[in-house]
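J.: Below is query11.cif; it holds mmCIF, C-alpha atoms.
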data_upload
#
loop_
_atom_site.label_atom_id
_atom_site.label_comp_id
_atom_site.auth_asym_id
_atom_site.auth_seq_id
_atom_site.Cartn_x
_atom_site.Cartn_y
_atom_site.Cartn_z
CA MET A 1 200.15 -44.54 25.39
CA LYS A 2 201.48 -47.32 27.61
CA GLU A 3 203.16 -46.31 30.85
CA LYS A 4 205.16 -47.92 33.63
CA THR A 5 207.03 -46.48 36.61
CA LEU A 6 209.83 -48.23 38.45
CA THR A 7 211.16 -46.79 41.70
CA ILE A 8 214.46 -48.11 42.96
CA VAL A 9 216.87 -47.03 45.70
CA ASN A 10 220.56 -46.18 45.45
CA GLN A 11 221.91 -49.72 45.83
CA ILE A 12 223.72 -51.54 43.05
CA GLU A 13 221.75 -54.77 43.70
CA GLN A 14 218.72 -52.92 42.30
CA LEU A 15 220.12 -53.38 38.80
CA GLU A 16 218.55 -56.82 38.85
CA GLU A 17 215.12 -55.32 39.50
CA MET A 18 215.66 -52.96 36.59
CA ALA A 19 216.67 -55.80 34.26
CA LYS A 20 213.57 -57.80 35.26
CA THR A 21 211.31 -54.83 34.59
CA LEU A 22 212.78 -54.34 31.11
CA GLU A 23 212.38 -58.02 30.35
CA ALA A 24 208.73 -57.89 31.43
CA LEU A 25 208.09 -54.75 29.34
CA SER A 26 209.59 -56.46 26.31
CA ASP A 27 206.83 -59.08 26.63
CA GLU A 28 203.97 -56.78 27.64
CA TRP A 29 204.66 -54.10 25.06
CA ASN A 30 205.96 -56.44 22.39
CA ILE A 31 209.32 -54.70 21.98
CA PRO A 32 212.21 -56.80 20.59
CA MET A 33 214.52 -58.09 23.34
CA ASP A 34 217.61 -56.66 21.56
CA ILE A 35 216.21 -53.14 21.95
CA MET A 36 215.42 -53.78 25.60
CA LEU A 37 218.96 -55.06 26.19
CA SER A 38 220.34 -51.83 24.66
CA LEU A 39 218.06 -49.79 26.91
CA ASN A 40 219.09 -51.94 29.86
CA LEU A 41 222.70 -50.99 29.11
CA VAL A 42 221.83 -47.29 28.82
CA LEU A 43 219.97 -47.38 32.13
CA GLU A 44 222.66 -49.37 33.88
CA GLU A 45 225.35 -46.87 32.88
CA LEU A 46 223.27 -43.89 34.05
CA VAL A 47 221.95 -45.43 37.27
CA THR A 48 225.40 -46.77 38.21
CA ASN A 49 226.83 -43.24 37.81
CA ILE A 50 224.09 -41.86 40.05
CA ILE A 51 224.60 -44.54 42.73
CA PHE A 52 228.42 -44.39 42.76
CA TYR A 53 229.05 -40.67 42.32
CA GLY A 54 225.80 -38.86 42.99
CA TYR A 55 225.39 -38.67 46.74
CA LYS A 56 227.36 -36.92 49.44
CA ASP A 57 225.61 -38.78 52.30
CA LYS A 58 225.07 -42.47 52.99
CA ASP A 59 221.28 -42.21 53.17
CA GLU A 60 218.77 -44.07 51.09
CA HIS A 61 217.62 -42.15 48.01
CA LYS A 62 214.94 -42.89 45.48
CA ILE A 63 215.58 -43.07 41.76
CA ILE A 64 212.40 -42.95 39.71
CA ILE A 65 212.39 -44.42 36.20
CA ARG A 66 209.34 -43.75 34.03
CA PHE A 67 208.76 -45.64 30.80
CA SER A 68 206.23 -44.75 28.13
CA PHE A 69 205.59 -46.24 24.72
CA ASP A 70 203.36 -45.12 21.86
CA ASP A 71 204.13 -48.02 19.46
CA LYS A 72 206.90 -46.05 17.72
CA ILE A 73 208.99 -44.35 20.35
CA ILE A 74 209.93 -45.54 23.80
CA GLN A 75 210.63 -42.73 26.25
CA ILE A 76 212.52 -43.17 29.49
CA GLN A 77 212.76 -40.53 32.17
CA ILE A 78 215.12 -40.82 35.13
CA GLU A 79 214.54 -38.60 38.14
CA ASP A 80 216.97 -38.46 41.05
CA ASP A 81 217.93 -36.13 43.89
CA ALA A 82 221.68 -36.66 43.44
CA ILE A 83 224.20 -33.85 42.84
CA GLU A 84 223.77 -31.95 39.59
CA PHE A 85 225.05 -34.00 36.68
CA ASN A 86 224.38 -33.27 33.04
CA PRO A 87 225.61 -36.26 31.00
CA LEU A 88 225.39 -34.13 27.84
CA LEU A 89 228.42 -32.20 29.11
CA ALA A 90 230.58 -35.30 29.71
CA SER A 91 233.62 -35.58 27.45
CA GLU A 92 233.86 -38.26 24.75
CA PRO A 93 236.33 -41.12 25.26
CA ASP A 94 239.04 -41.69 22.63
CA ILE A 95 237.99 -44.97 21.03
CA ASP A 96 240.86 -45.06 18.54
CA GLU A 97 243.74 -45.37 21.02
CA SER A 98 246.10 -48.38 21.00
CA ILE A 99 245.73 -51.22 23.54
CA GLU A 100 248.47 -49.74 25.75
CA ASN A 101 246.96 -46.25 25.83
CA ARG A 102 243.28 -47.17 25.88
CA LYS A 103 241.58 -45.71 28.96
CA ILE A 104 239.45 -47.94 31.14
CA GLY A 105 236.71 -45.37 31.87
CA GLY A 106 234.37 -42.96 30.15
CA LEU A 107 232.55 -45.50 28.01
CA GLY A 108 229.23 -45.40 29.87
CA ILE A 109 227.99 -42.01 28.67
CA HIS A 110 229.32 -42.78 25.19
CA PHE A 111 226.96 -45.81 25.09
CA VAL A 112 224.06 -43.66 26.29
CA ARG A 113 224.65 -41.21 23.42
CA LYS A 114 225.07 -43.88 20.75
CA LEU A 115 222.17 -46.12 21.77
CA THR A 116 219.44 -43.47 22.08
CA ASN A 117 217.82 -41.10 19.59
CA SER A 118 217.44 -38.09 21.86
CA ILE A 119 218.61 -36.98 25.29
CA ALA A 120 217.34 -33.97 27.25
CA TYR A 121 218.54 -32.85 30.65
CA GLU A 122 216.98 -30.50 33.16
CA ARG A 123 217.72 -29.55 36.74
CA THR A 124 214.54 -28.66 38.60
CA ASN A 125 213.86 -28.40 42.37
CA ASN A 126 217.27 -29.92 43.16
CA LYS A 127 216.52 -32.92 40.97
CA ASN A 128 218.16 -34.25 37.84
CA ILE A 129 215.63 -35.16 35.20
CA LEU A 130 217.00 -36.95 32.18
CA THR A 131 214.66 -37.82 29.33
CA LEU A 132 215.75 -40.29 26.66
CA THR A 133 213.97 -41.59 23.61
CA LYS A 134 214.56 -44.61 21.42
CA ASN A 135 212.82 -45.11 18.09
CA ILE A 136 211.46 -48.59 17.51
CA ALA A 137 211.98 -49.26 13.82
CA MET B 1 226.71 -64.81 35.62
CA GLU B 2 228.29 -68.21 35.53
CA LEU B 3 231.75 -69.08 34.37
CA LYS B 4 233.04 -72.47 33.20
CA GLU B 5 236.54 -73.09 31.93
CA PHE B 6 238.27 -75.91 30.11
CA LYS B 7 241.56 -76.49 28.28
CA LYS B 8 241.72 -76.74 24.51
CA GLY B 9 245.32 -77.34 23.47
CA ASN B 10 247.41 -74.51 24.90
CA PHE B 11 244.35 -72.33 25.30
CA LEU B 12 242.20 -71.90 28.38
CA VAL B 13 238.61 -71.46 27.17
CA ILE B 14 236.32 -69.50 29.49
CA ASN B 15 232.59 -69.88 28.84
CA LEU B 16 230.75 -66.80 30.05
CA ILE B 17 227.10 -67.54 30.81
CA GLY B 18 224.24 -65.11 31.48
CA ARG B 19 224.85 -61.44 32.25
CA VAL B 20 227.93 -59.45 33.23
CA ASP B 21 227.01 -56.14 34.80
CA THR B 22 228.09 -53.71 37.53
CA SER B 23 226.68 -55.97 40.26
CA ASN B 24 228.85 -58.99 39.37
CA TYR B 25 231.82 -57.95 37.19
CA THR B 26 234.25 -58.22 40.12
CA GLU B 27 233.75 -62.03 40.11
CA LEU B 28 234.87 -62.12 36.49
CA GLU B 29 237.78 -59.79 37.22
CA LYS B 30 238.96 -61.95 40.12
CA LYS B 31 238.78 -65.18 38.07
CA ILE B 32 240.61 -63.78 35.05
CA ILE B 33 243.39 -62.34 37.22
CA GLU B 34 243.69 -65.75 38.94
CA PHE B 35 244.06 -67.50 35.58
CA ILE B 36 246.69 -65.05 34.32
CA ASP B 37 248.62 -65.03 37.60
CA GLY B 38 248.38 -68.83 37.56
CA GLY B 39 250.35 -68.88 34.31
CA GLU B 40 247.67 -68.98 31.59
CA LYS B 41 249.04 -67.01 28.63
CA GLU B 42 246.56 -68.04 25.94
CA ILE B 43 242.93 -67.43 26.77
CA VAL B 44 239.70 -67.60 24.75
CA VAL B 45 236.56 -66.03 26.17
CA ASN B 46 233.52 -67.72 24.64
CA PHE B 47 230.47 -65.43 24.48
CA SER B 48 228.00 -67.91 22.98
CA ASP B 49 225.89 -68.10 26.18
CA LEU B 50 226.35 -64.49 27.22
CA VAL B 51 223.25 -62.34 26.74
CA TYR B 52 224.36 -59.03 28.21
CA MET B 53 227.52 -57.10 29.05
CA SER B 54 227.81 -53.50 30.26
CA SER B 55 230.87 -51.26 30.40
CA SER B 56 231.94 -52.89 33.69
CA GLY B 57 232.50 -56.16 31.84
CA LEU B 58 234.28 -54.38 28.99
CA ARG B 59 236.66 -52.81 31.49
CA VAL B 60 237.58 -56.27 32.83
CA LEU B 61 238.26 -57.55 29.31
CA LEU B 62 240.41 -54.51 28.49
CA MET B 63 242.39 -55.01 31.70
CA ALA B 64 242.93 -58.69 30.79
CA LEU B 65 243.94 -57.82 27.21
CA LYS B 66 246.53 -55.33 28.49
CA LYS B 67 247.91 -57.81 31.05
CA ILE B 68 248.20 -60.66 28.54
CA THR B 69 249.57 -58.49 25.73
CA ALA B 70 252.28 -57.25 28.13
CA ILE B 71 253.51 -60.83 28.69
CA GLY B 72 253.34 -61.76 25.01
CA GLY B 73 250.27 -63.98 25.32
CA LYS B 74 246.97 -64.25 23.43
CA PHE B 75 243.54 -63.09 24.56
CA HIS B 76 240.87 -64.05 22.03
CA LEU B 77 237.10 -63.61 22.04
CA CYS B 78 234.55 -65.68 20.12
CA SER B 79 230.86 -66.16 19.31
CA LEU B 80 229.59 -62.68 20.23
CA LYS B 81 225.86 -62.16 19.79
CA GLU B 82 224.78 -59.30 17.55
CA ASN B 83 223.77 -56.94 20.37
CA ILE B 84 227.06 -57.48 22.20
CA MET B 85 229.04 -57.04 18.98
CA GLU B 86 227.27 -53.67 18.57
CA ILE B 87 228.53 -52.62 22.01
CA PHE B 88 232.07 -53.65 21.05
CA GLU B 89 231.81 -51.59 17.87
CA ILE B 90 230.52 -48.52 19.71
CA ALA B 91 233.32 -48.86 22.26
CA GLY B 92 235.92 -49.12 19.49
CA PHE B 93 236.90 -52.55 20.87
CA THR B 94 236.68 -54.40 17.54
CA SER B 95 239.97 -52.78 16.48
CA ILE B 96 241.94 -53.86 19.57
CA PHE B 97 240.46 -57.31 20.32
CA SER B 98 240.90 -60.45 18.19
CA ILE B 99 237.32 -61.63 17.67
CA PHE B 100 236.46 -64.98 16.05
CA ASN B 101 233.24 -66.71 15.01
CA THR B 102 233.91 -70.05 16.70
CA ILE B 103 235.95 -71.55 19.56
CA ASP B 104 237.89 -73.66 17.04
CA GLU B 105 239.05 -70.59 15.14
CA ALA B 106 239.80 -68.68 18.33
CA ALA B 107 241.84 -71.48 19.93
CA LYS B 108 244.17 -72.08 16.98
#
Could you write out this structure as structure tokens?

T.:
Amino acid sequence: MKEKTLTIVNQIEQLEEMAKTLEALSDEWNIPMDIMLSLNLVLEELVTNIIFYGYKDKDEHKIIIRFSFDDKIIQIQIEDDAIEFNPLLASEPDIDESIENRKIGGLGIHFVRKLTNSIAYERTNNKNILTLTKNIA
Amino acid sequence: MELKEFKKGNFLVINLIGRVDTSNYTELEKKIIEFIDGGEKEIVVNFSDLVYMSSSGLRVLLMALKKITAIGGKFHLCSLKENIMEIFEIAGFTSIFSIFNTIDEAAK
């Protein structure tokens, strides 16, 4: 089992650090770049939600992202101390609306659901722990 | 992200280069609004050098499509890579955007 942990803080500029880590893991673990770009998108949507909507104060908070890979399944776990948020309970956007009526939000969690194979959420010790898996064909 | 634009007939072609994400989408938003407010009614966004776009970028494109559609203009996209096309499909954007394989087809 290969493992890697990335700790970032709640600043949007940290997305670049995340992208670099995924790019490096693509090389080190020999995972196709297309899959890593999908996972980059999934992580960006989740981490952006945490940074923008998760904190009531203006303090610095850590967001811990743990990656593991067993040659078939990549698992990603995100741990944060933001307010309780279970993405599994978020409502689905209407993706069949006309141009005029199409809403500009709500797509992020939809991408997370569609681009992963499993999602599990738990709230423990005032932390959100979200565990995602992606099968590598 | 880098952005380069040029005229092709009546169309303004915007080459999007690199990555559009939550840390830089406002630059794209600002530029596109400038073009539309400056009178451009026919725009092609060329994705051939774009490797990554998240929902922030999609929101900008949807805003631009709505703005241009409202004034009777054209907002075309071309040369999307497979992984970005997948995102468009998941978002249900393939049914509302006009997507072409090449700049030539998009700027007709």

J.: In the coordinate frame of the file, compute which residues have an atom within 7 Å of (240.3, -77.4, 21.5) when using only C-alpha atoms, and state them as a list in words.

T.: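 With a cut-off of 7 Å, the residues come to Lys7, Lys8, Gly9, Asp104 and Ala107 of chain B.
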
J.: Each residue of chain B lying at most 8 Å from chain A should get a row with its shortest atom-to-atom pair and the distance in Å to one decimal, counting all atoms listed in the file; could you produce that, ordered by chain and increasing number, as a tab-separated table?

T.:
residue	atom	partner	partner_atom	distance
B:Thr22	CA	A:Ile12	CA	7.4
B:Ser23	CA	A:Ile12	CA	6.0
B:Tyr52	CA	A:Leu37	CA	7.0
B:Met53	CA	A:Leu41	CA	7.8
B:Ser54	CA	A:Leu41	CA	5.8
B:Ser55	CA	A:Gly108	CA	6.1
B:Arg59	CA	A:Ile104	CA	5.6
B:Leu62	CA	A:Ile104	CA	7.1
B:Met63	CA	A:Ile104	CA	7.7
B:Leu65	CA	A:Ile99	CA	7.8
B:Lys66	CA	A:Ile99	CA	6.5
B:Asn83	CA	A:Asp34	CA	6.3
B:Ile87	CA	A:Phe111	CA	7.6
B:Ile90	CA	A:Phe111	CA	7.0
B:Ala91	CA	A:Ile95	CA	6.2
B:Gly92	CA	A:Ile95	CA	4.9
B:Phe93	CA	A:Ile95	CA	7.7
B:Ile96	CA	A:Ile99	CA	6.1

J.: Just how far from atom CA of A:Val47 is atom CA of A:Asn125, in Å to one decimal?

T.: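 Separating atom CA of A:Asn125 from atom CA of A:Val47 is a distance of 19.5 Å.
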
J.: Hey, can you check how far atom CA of B:Gly18 sits from atom CA of A:Ile31?

T.: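 We find that atom CA of B:Gly18 and atom CA of A:Ile31 lie 20.5 Å from each other.
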
J.: At a cut-off of 7 Å, using only C-alpha atoms, what residues contact B:Phe47? Leave out same-chain residues fewer than 3 positions from it and give the result as a PyMOL selection string.

T.: chain B and resi 15-16+50+78-80

J.: The selected residues should be written to file as an mmCIF file, in the coordinates of the input (atoms: C-alpha atoms).

T.:
data_model
loop_
_atom_site.group_PDB
_atom_site.id
_atom_site.type_symbol
_atom_site.label_atom_id
_atom_site.label_comp_id
_atom_site.auth_asym_id
_atom_site.auth_seq_id
_atom_site.Cartn_x
_atom_site.Cartn_y
_atom_site.Cartn_z
ATOM 1 C CA ASN B 15 232.590 -69.880 28.840
ATOM 2 C CA LEU B 16 230.750 -66.800 30.050
ATOM 3 C CA LEU B 50 226.350 -64.490 27.220
ATOM 4 C CA CYS B 78 234.550 -65.680 20.120
ATOM 5 C CA SER B 79 230.860 -66.160 19.310
ATOM 6 C CA LEU B 80 229.590 -62.680 20.230
#
